[in-house]
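**Student:** Dropping in start_18.tsv, with TSV, C-alpha atoms and all ligand atoms.
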```tsv
chain	number	residue	atom	x	y	z
A	9	MET	CA	17.21	-1.50	9.11
A	10	LYS	CA	15.51	1.67	10.38
A	11	PRO	CA	12.72	3.51	8.49
A	12	THR	CA	14.85	6.65	8.75
A	13	ASP	CA	17.47	4.98	6.51
A	14	ILE	CA	15.10	4.76	3.52
A	15	ASP	CA	15.20	8.35	2.23
A	16	THR	CA	18.97	8.61	2.65
A	17	ASN	CA	19.56	5.25	0.98
A	18	PRO	CA	16.63	4.26	-1.31
A	19	ALA	CA	18.70	1.38	-2.73
A	20	LEU	CA	18.27	-0.39	0.62
A	21	ILE	CA	14.73	-1.38	-0.31
A	22	SER	CA	14.98	-1.31	-4.12
A	23	LYS	CA	14.72	-4.57	-6.02
A	24	PRO	CA	14.48	-5.63	-9.67
A	25	ILE	CA	11.50	-7.89	-10.37
A	26	GLN	CA	9.95	-9.67	-13.33
A	27	LEU	CA	6.30	-9.12	-14.26
A	28	SER	CA	4.11	-12.09	-15.23
A	29	SER	CA	4.59	-11.00	-18.87
A	30	GLY	CA	8.34	-11.56	-18.46
A	31	GLU	CA	9.00	-7.83	-18.63
A	32	PRO	CA	11.50	-6.44	-16.11
A	33	ALA	CA	10.31	-3.93	-13.52
A	34	LEU	CA	11.64	-2.31	-10.36
A	35	LEU	CA	10.44	-1.97	-6.78
A	36	ARG	CA	11.73	1.19	-5.13
A	37	PRO	CA	10.62	3.85	-2.64
A	38	LEU	CA	8.99	7.04	-3.90
A	39	GLN	CA	11.51	9.89	-3.99
A	40	ARG	CA	11.13	13.66	-3.92
A	41	ASP	CA	11.69	14.04	-7.66
A	42	ASP	CA	8.95	11.54	-8.60
A	43	ALA	CA	5.96	13.94	-8.77
A	44	HIS	CA	5.90	13.85	-12.60
A	45	ARG	CA	5.74	10.04	-12.44
A	46	LEU	CA	3.28	9.72	-9.55
A	47	GLY	CA	0.77	12.28	-10.91
A	48	PRO	CA	0.05	10.34	-14.14
A	49	TYR	CA	-0.35	7.13	-12.10
A	50	PHE	CA	-3.00	8.82	-9.95
A	51	ILE	CA	-4.77	10.50	-12.87
A	52	ASN	CA	-4.97	7.27	-14.88
A	53	LEU	CA	-6.56	5.19	-12.10
A	54	SER	CA	-10.05	4.12	-13.20
A	55	ALA	CA	-13.22	5.20	-11.45
A	56	GLU	CA	-13.61	1.61	-10.21
A	57	THR	CA	-10.15	1.57	-8.61
A	58	ARG	CA	-10.82	4.98	-7.01
A	59	ARG	CA	-14.09	3.60	-5.64
A	60	LEU	CA	-12.16	0.83	-3.89
A	61	TYR	CA	-9.00	2.74	-2.96
A	62	ALA	CA	-9.19	6.19	-1.38
A	63	PRO	CA	-6.34	7.04	1.02
A	64	HIS	CA	-6.16	10.54	-0.53
A	65	ALA	CA	-7.12	12.46	-3.69
A	66	PHE	CA	-5.68	11.29	-7.03
A	67	ASP	CA	-4.50	14.36	-8.92
A	68	GLN	CA	-1.21	16.04	-9.82
A	69	GLU	CA	-1.52	18.51	-6.94
A	70	THR	CA	-1.66	15.64	-4.45
A	71	ALA	CA	1.33	13.95	-6.11
A	72	ASP	CA	3.25	17.25	-5.87
A	73	ARG	CA	2.40	17.64	-2.18
A	74	ILE	CA	3.24	14.03	-1.29
A	75	CYS	CA	6.65	14.30	-2.98
A	76	ALA	CA	7.42	17.71	-1.45
A	77	GLU	CA	6.54	16.48	2.06
A	78	LEU	CA	8.06	13.02	1.63
A	79	ASP	CA	9.14	11.32	4.84
A	80	SER	CA	9.45	7.57	4.31
A	81	SER	CA	10.19	7.02	7.99
A	82	GLN	CA	6.53	7.92	8.63
A	83	ALA	CA	4.89	6.65	5.46
A	84	LEU	CA	6.86	4.57	2.98
A	85	ARG	CA	5.38	4.73	-0.52
A	86	LEU	CA	6.66	1.70	-2.40
A	87	LEU	CA	6.49	2.04	-6.18
A	88	ALA	CA	6.60	-0.60	-8.88
A	89	THR	CA	7.91	0.97	-12.08
A	90	ARG	CA	8.59	-0.19	-15.62
A	91	GLY	CA	10.88	1.41	-18.15
A	92	SER	CA	13.81	3.64	-17.30
A	93	GLY	CA	14.96	7.25	-17.46
A	94	ALA	CA	12.39	9.59	-18.99
A	95	ALA	CA	10.21	6.58	-19.87
A	96	GLU	CA	9.98	5.21	-16.31
A	97	GLU	CA	6.30	4.68	-15.48
A	98	VAL	CA	4.65	3.91	-12.12
A	99	ILE	CA	2.52	0.75	-12.24
A	100	GLY	CA	2.00	0.08	-8.52
A	101	TYR	CA	1.80	2.24	-5.39
A	102	PHE	CA	1.65	0.72	-1.90
A	103	ILE	CA	1.60	2.92	1.21
A	104	LEU	CA	3.09	1.47	4.41
A	105	VAL	CA	2.59	3.71	7.43
A	106	PHE	CA	5.01	2.97	10.27
A	107	GLY	CA	2.29	3.37	12.86
A	108	VAL	CA	-1.47	3.41	13.21
A	109	HIS	CA	-4.11	5.95	12.20
A	110	GLU	CA	-6.31	7.22	15.01
A	111	GLY	CA	-9.57	6.12	13.35
A	112	ASP	CA	-8.28	2.58	12.89
A	113	ARG	CA	-6.90	2.47	16.45
A	114	LYS	CA	-10.31	3.49	17.86
A	115	ARG	CA	-12.22	0.83	15.92
A	116	TYR	CA	-9.80	-1.90	17.06
A	117	GLU	CA	-10.09	-0.64	20.62
A	118	GLN	CA	-13.84	-1.27	20.45
A	119	LEU	CA	-13.01	-4.84	19.43
A	120	GLY	CA	-10.79	-5.21	22.49
A	121	ILE	CA	-7.60	-5.12	20.40
A	122	GLY	CA	-4.98	-2.57	21.38
A	123	LEU	CA	-2.91	-1.41	18.42
A	124	ASP	CA	0.62	-0.23	19.16
A	125	GLY	CA	1.97	2.58	16.98
A	126	THR	CA	5.55	1.53	17.74
A	127	THR	CA	5.24	-2.09	16.55
A	128	ASP	CA	2.16	-2.12	14.28
A	129	CYS	CA	2.01	-0.74	10.74
A	130	THR	CA	-0.73	0.19	8.28
A	131	LEU	CA	-1.17	-0.80	4.63
A	132	ALA	CA	-2.94	0.88	1.69
A	133	PRO	CA	-2.16	-0.91	-1.62
A	134	SER	CA	-2.96	-0.21	-5.27
A	135	VAL	CA	-1.88	-1.50	-8.66
A	136	ALA	CA	-2.50	0.23	-12.01
A	137	ASP	CA	-5.68	-1.08	-13.64
A	138	VAL	CA	-4.05	-3.02	-16.47
A	139	TYR	CA	-1.68	-4.77	-14.05
A	140	GLN	CA	-4.33	-5.81	-11.51
A	141	SER	CA	-4.71	-9.59	-11.03
A	142	THR	CA	-1.35	-10.26	-12.72
A	143	GLY	CA	0.56	-11.06	-9.52
A	144	LEU	CA	2.19	-7.63	-9.16
A	145	GLY	CA	0.36	-6.84	-5.90
A	146	SER	CA	1.63	-10.10	-4.40
A	147	ILE	CA	5.24	-9.29	-5.34
A	148	MET	CA	4.88	-5.82	-3.80
A	149	LEU	CA	3.28	-7.04	-0.57
A	150	GLU	CA	5.86	-9.81	-0.15
A	151	HIS	CA	8.57	-7.13	-0.38
A	152	LEU	CA	6.75	-4.82	2.05
A	153	TYR	CA	6.39	-7.67	4.57
A	154	GLN	CA	10.19	-8.09	4.53
A	155	ILE	CA	10.72	-4.36	4.98
A	156	ALA	CA	8.18	-4.13	7.80
A	157	ARG	CA	9.74	-7.12	9.59
A	158	ASN	CA	13.25	-5.72	9.13
A	159	CYS	CA	12.00	-2.49	10.70
A	160	GLY	CA	10.73	-4.36	13.77
A	161	ARG	CA	7.01	-4.31	12.94
A	162	LYS	CA	4.97	-7.20	14.36
A	163	ARG	CA	1.49	-6.74	12.83
A	164	MET	CA	-0.05	-5.05	9.80
A	165	VAL	CA	-3.57	-3.55	9.62
A	166	LEU	CA	-5.50	-2.10	6.69
A	167	TRP	CA	-5.87	1.66	6.41
A	168	GLY	CA	-9.64	2.17	6.81
A	169	GLY	CA	-10.32	-1.56	6.40
A	170	VAL	CA	-11.50	-3.15	3.15
A	171	ARG	CA	-14.90	-2.94	1.51
A	172	GLN	CA	-16.82	-6.20	1.59
A	173	ASP	CA	-17.78	-5.60	-2.05
A	174	ASN	CA	-14.08	-5.88	-2.97
A	175	PRO	CA	-13.71	-9.70	-3.08
A	176	ARG	CA	-10.37	-9.59	-4.89
A	177	ALA	CA	-8.76	-7.49	-2.16
A	178	VAL	CA	-10.30	-9.63	0.61
A	179	HIS	CA	-8.94	-12.77	-1.10
A	180	PHE	CA	-5.54	-11.09	-1.58
A	181	TYR	CA	-5.29	-10.11	2.11
A	182	ARG	CA	-6.40	-13.54	3.34
A	183	ARG	CA	-3.73	-15.17	1.20
A	184	PHE	CA	-1.16	-13.04	3.04
A	185	GLY	CA	-2.43	-14.12	6.47
A	186	PHE	CA	-4.83	-11.28	7.19
A	187	VAL	CA	-7.90	-12.22	9.22
A	188	GLU	CA	-11.17	-10.31	9.67
A	189	LYS	CA	-11.55	-8.80	13.12
A	190	GLY	CA	-14.64	-6.67	12.79
A	191	GLN	CA	-17.16	-5.05	10.52
A	192	PHE	CA	-18.12	-1.40	10.22
A	193	PRO	CA	-20.18	0.71	7.81
A	194	ALA	CA	-18.41	3.31	5.62
A	195	GLY	CA	-18.81	4.58	2.08
A	196	GLY	CA	-22.34	3.16	1.93
A	197	VAL	CA	-21.22	-0.48	2.47
A	198	ASP	CA	-19.92	-2.76	5.20
A	199	ASN	CA	-16.16	-2.98	5.57
A	200	TYR	CA	-13.87	-5.48	7.29
A	201	ASP	CA	-11.05	-4.61	9.61
A	202	MET	CA	-8.28	-7.12	8.85
A	203	ILE	CA	-4.97	-7.68	10.63
A	204	ALA	CA	-1.97	-9.90	9.87
A	205	PRO	CA	0.93	-11.09	12.02
A	206	LEU	CA	4.28	-10.39	10.39
B	301	LIG	C1	-5.96	-5.29	-4.36
B	301	LIG	C2	-4.75	-5.16	-5.29
B	301	LIG	C3	-3.73	-4.20	-4.68
B	301	LIG	C4	-4.10	-6.55	-5.40
B	301	LIG	O1	-3.04	-6.49	-6.35
B	301	LIG	P1	-3.05	-7.50	-7.60
B	301	LIG	O2	-1.83	-7.26	-8.39
B	301	LIG	O3	-4.36	-7.40	-8.29
B	301	LIG	O4	-2.97	-8.90	-6.81
B	301	LIG	P2	-2.47	-10.33	-7.32
B	301	LIG	O5	-2.68	-10.44	-8.80
B	301	LIG	O6	-1.14	-10.60	-6.77
B	301	LIG	O7	-3.51	-11.25	-6.56
B	301	LIG	C5	-4.89	-11.10	-6.77
B	301	LIG	C6	-5.62	-12.33	-6.25
B	301	LIG	O8	-7.04	-12.08	-6.28
B	301	LIG	C7	-7.67	-13.11	-7.03
B	301	LIG	N1	-8.87	-12.52	-7.61
B	301	LIG	C8	-8.98	-11.79	-8.73
B	301	LIG	N2	-10.28	-11.41	-8.90
B	301	LIG	C9	-10.95	-11.92	-7.84
B	301	LIG	C10	-12.32	-11.86	-7.44
B	301	LIG	N3	-13.22	-11.20	-8.15
B	301	LIG	N4	-12.66	-12.48	-6.29
B	301	LIG	C11	-11.77	-13.14	-5.54
B	301	LIG	N5	-10.45	-13.22	-5.88
B	301	LIG	C12	-10.07	-12.61	-7.02
B	301	LIG	C13	-6.63	-13.57	-8.01
B	301	LIG	O9	-6.93	-14.86	-8.50
B	301	LIG	C14	-5.39	-13.56	-7.10
B	301	LIG	O10	-5.41	-14.61	-6.21
B	301	LIG	P3	-4.51	-15.97	-6.41
B	301	LIG	O11	-3.11	-15.49	-6.61
B	301	LIG	O12	-4.72	-16.70	-5.13
B	301	LIG	O13	-5.07	-16.64	-7.62
B	301	LIG	C15	-5.17	-4.68	-6.71
B	301	LIG	O14	-6.07	-5.63	-7.29
B	301	LIG	C16	-5.80	-3.30	-6.73
B	301	LIG	O15	-5.11	-2.30	-6.82
B	301	LIG	N6	-7.14	-3.25	-6.68
B	301	LIG	C17	-7.86	-1.96	-6.77
B	301	LIG	C18	-7.60	-1.11	-5.53
B	301	LIG	C19	-7.90	-1.87	-4.26
B	301	LIG	O16	-8.85	-2.63	-4.16
B	301	LIG	N7	-7.05	-1.63	-3.24
B	301	LIG	C20	-7.25	-2.22	-1.92
B	301	LIG	C21	-8.23	-1.41	-1.14
B	301	LIG	S1	-8.48	-2.05	0.51
```
Take the structure in the file and write it out as structure tokens.

**Tutor:**
Amino acid sequence: MKPTDIDTNPALISKPIQLSSGEPALLRPLQRDDAHRLGPYFINLSAETRRLYAPHAFDQETADRICAELDSSQALRLLATRGSGAAEEVIGYFILVFGVHEGDRKRYEQLGIGLDGTTDCTLAPSVADVYQSTGLGSIMLEHLYQIARNCGRKRMVLWGGVRQDNPRAVHFYRRFGFVEKGQFPAGGVDNYDMIAPL
């Protein structure tokens, strides 16, 4: 599979799942007509989740821009949704960049690790507050690992690392094979750079 196939054929990476409550849900890529679903997801994220997760602003304007400029071959935005039709609601949003951000590449370079934008990829995950710690993030990351591998990616790094005062995320990443490679200050705390083989 090629990342360029995703926007032309979203079904390629769509998958029905079951939440821990037994309720059915769906994993699928964000599409251009999803702005009215993505905006409420952003707006409803708690202050605590926004403190831990900040790849971009969380407002309707940002959701509109992301959907208008959508290019999943650069940055796949995997959604978990529940409900269908007009009632479909976003409950998880994982960004997978097919490449490496310059800031992350520079920090790894200082650690003596050369990141390769053609075979490495970058992760920024989030789950809606009420679904956190229910296993949804694990289902989403498992699916993203398969997609990344199918697209020829060999390693995954975290977008901007992870705050050390986010023990749940650090535990989550370690469980998926991520290891700490360095520490750096940002946002008033120390952060880990973590990388996983795929
Ligand atoms: C990080 C995140 C994406 C993980 O998704 P999730 O659905 O909560 O993850 P899961 O429920 O599959 O797994 C969470 C794990 O953390 C564990 N956990 C929960 N609270 C914990 C804590 N305070 N300390 C350590 N581990 C904790 C759970 O027990 C579970 O591990 P286990 O399956 O080995 O028991 C989600 O919690 C989230 O969106 N957090 C807020 C935003 C964020 O931190 N994003 C990452 C920024 S780098």

**Student:** For segment 199-206 of chain A, find every residue with an atom within 6 Å (counting all atoms listed in the file), except residues of its own chain fewer than 3 positions away, and show them as a PyMOL selection string.

**Tutor:** chain A and resi 162-165+169-172+185-193

**Student:** Counting only C-alpha atoms, note down every residue that has an atom within 8 Å of the point (14.7, -0.4, -5.2) (file coordinates), as a list in words.

**Tutor:** Pro18, Ala19, Leu20, Ile21, Ser22, Lys23, Pro24, Leu34, Leu35, Arg36 and Pro37 of chain A

**Student:** Name the residues in contact with segment 84-98 of chain A at a cut-off of 8 Å, using all atoms listed in the file, excluding same-chain residues fewer than 3 positions from it; report them as an MDAnalysis selection string.

**Tutor:** chainID A and resid 32:38 45:46 49 79:81 101:106 148 152

**Student:** May I ask which of the residues A:His64, A:Arg58, A:Arg115, A:His109 is the closest one to ligand LIG 301 (chain B), counting all atoms listed in the file?

**Tutor:**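 Ranked by minimum distance to ligand LIG 301 (chain B), first place goes to A:Arg58.
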
**Student:** Within 6 Å of ligand LIG 301 (chain B), which residues of chain A come that close, and what is the closest atom pair and distance in Å for each? Count only C-alpha atoms and all ligand atoms and give it as JSON lines.

**Tutor:**
```
{"residue": "A:Thr57", "atom": "CA", "partner": "B:LIG301", "partner_atom": "C17", "distance": 4.6}
{"residue": "A:Leu60", "atom": "CA", "partner": "B:LIG301", "partner_atom": "O16", "distance": 4.8}
{"residue": "A:Tyr61", "atom": "CA", "partner": "B:LIG301", "partner_atom": "C21", "distance": 4.6}
{"residue": "A:Pro133", "atom": "CA", "partner": "B:LIG301", "partner_atom": "C3", "distance": 4.8}
{"residue": "A:Ser134", "atom": "CA", "partner": "B:LIG301", "partner_atom": "O15", "distance": 3.4}
{"residue": "A:Val135", "atom": "CA", "partner": "B:LIG301", "partner_atom": "O15", "distance": 3.8}
{"residue": "A:Gln140", "atom": "CA", "partner": "B:LIG301", "partner_atom": "O3", "distance": 3.6}
{"residue": "A:Ser141", "atom": "CA", "partner": "B:LIG301", "partner_atom": "O5", "distance": 3.1}
{"residue": "A:Thr142", "atom": "CA", "partner": "B:LIG301", "partner_atom": "O5", "distance": 4.1}
{"residue": "A:Gly143", "atom": "CA", "partner": "B:LIG301", "partner_atom": "O6", "distance": 3.3}
{"residue": "A:Leu144", "atom": "CA", "partner": "B:LIG301", "partner_atom": "O2", "distance": 4.1}
{"residue": "A:Gly145", "atom": "CA", "partner": "B:LIG301", "partner_atom": "O2", "distance": 3.3}
{"residue": "A:Ser146", "atom": "CA", "partner": "B:LIG301", "partner_atom": "O6", "distance": 3.7}
{"residue": "A:Val170", "atom": "CA", "partner": "B:LIG301", "partner_atom": "S1", "distance": 4.2}
{"residue": "A:Pro175", "atom": "CA", "partner": "B:LIG301", "partner_atom": "N4", "distance": 4.4}
{"residue": "A:Arg176", "atom": "CA", "partner": "B:LIG301", "partner_atom": "C12", "distance": 3.7}
{"residue": "A:Ala177", "atom": "CA", "partner": "B:LIG301", "partner_atom": "C1", "distance": 4.2}
{"residue": "A:His179", "atom": "CA", "partner": "B:LIG301", "partner_atom": "N5", "distance": 5.0}
{"residue": "A:Phe180", "atom": "CA", "partner": "B:LIG301", "partner_atom": "C6", "distance": 4.8}
```

**Student:** Taking 6 positions as the minimum chain separation for residues in the same chain, which residues sit within 9 Å of segment 68-74 of chain A when counting only C-alpha atoms? Answer as a list of chain:residue names.

**Tutor:**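 Listing them by chain and then by number gives A:Arg40, A:Asp42, A:Ala43, A:His44, A:Arg45, A:Leu46, A:Gly47, A:Pro48, A:Phe50, A:Ile51.
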
**Student:** Kindly give the distance, in Å, that separates atom CA of Gln26 of chain A and atom CA of Tyr139 of chain A, rounded to a single decimal.

**Tutor:**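 Atom CA of Tyr139 of chain A lies 12.6 Å from atom CA of Gln26 of chain A.
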
**Student:** Here's a test: counting only C-alpha atoms, identify every protein, DNA and RNA residue with an atom at most 10 Å from (7.7, 5.4, 18.5) in the file's coordinate frame, and state them as a list in words.

**Tutor:**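 Neighbouring residues, ordered by chain and number, come to Phe106, Gly107, Asp124, Gly125, Thr126 and Thr127 of chain A.
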
**Student:** By how many Å are atom CA of Glu56 of chain A and atom CA of Gly195 of chain A apart?

**Tutor:** 13.7 Å

**Student:** List as number ranges by chain the protein and nucleic acid residues near Leu123 of chain A, meaning an atom at most 8 Å away when only C-alpha atoms are counted, but skip any in the same chain fewer than 3 places from it.

**Tutor:** A: 108, 113, 116-117, 128

**Student:** Work out how far apart atom CA of Leu119 of chain A and atom CA of Ala62 of chain A are and give it in Å to one decimal.

**Tutor:**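 A separation of 23.9 Å between them.
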
**Student:** Which residue is closest to Val197 of chain A? Choose from A:Tyr153, A:Arg59, A:Ser28, A:Asp67 and count all atoms listed in the file.

**Tutor:**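 Closest candidate: A:Arg59.
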
**Student:** Closest to Ile25 of chain A among A:Ile147, A:Ala156, A:Leu166, A:Met9, using only C-alpha atoms?

**Tutor:**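 Distance minimum relative to Ile25 of chain A lands on A:Ile147.
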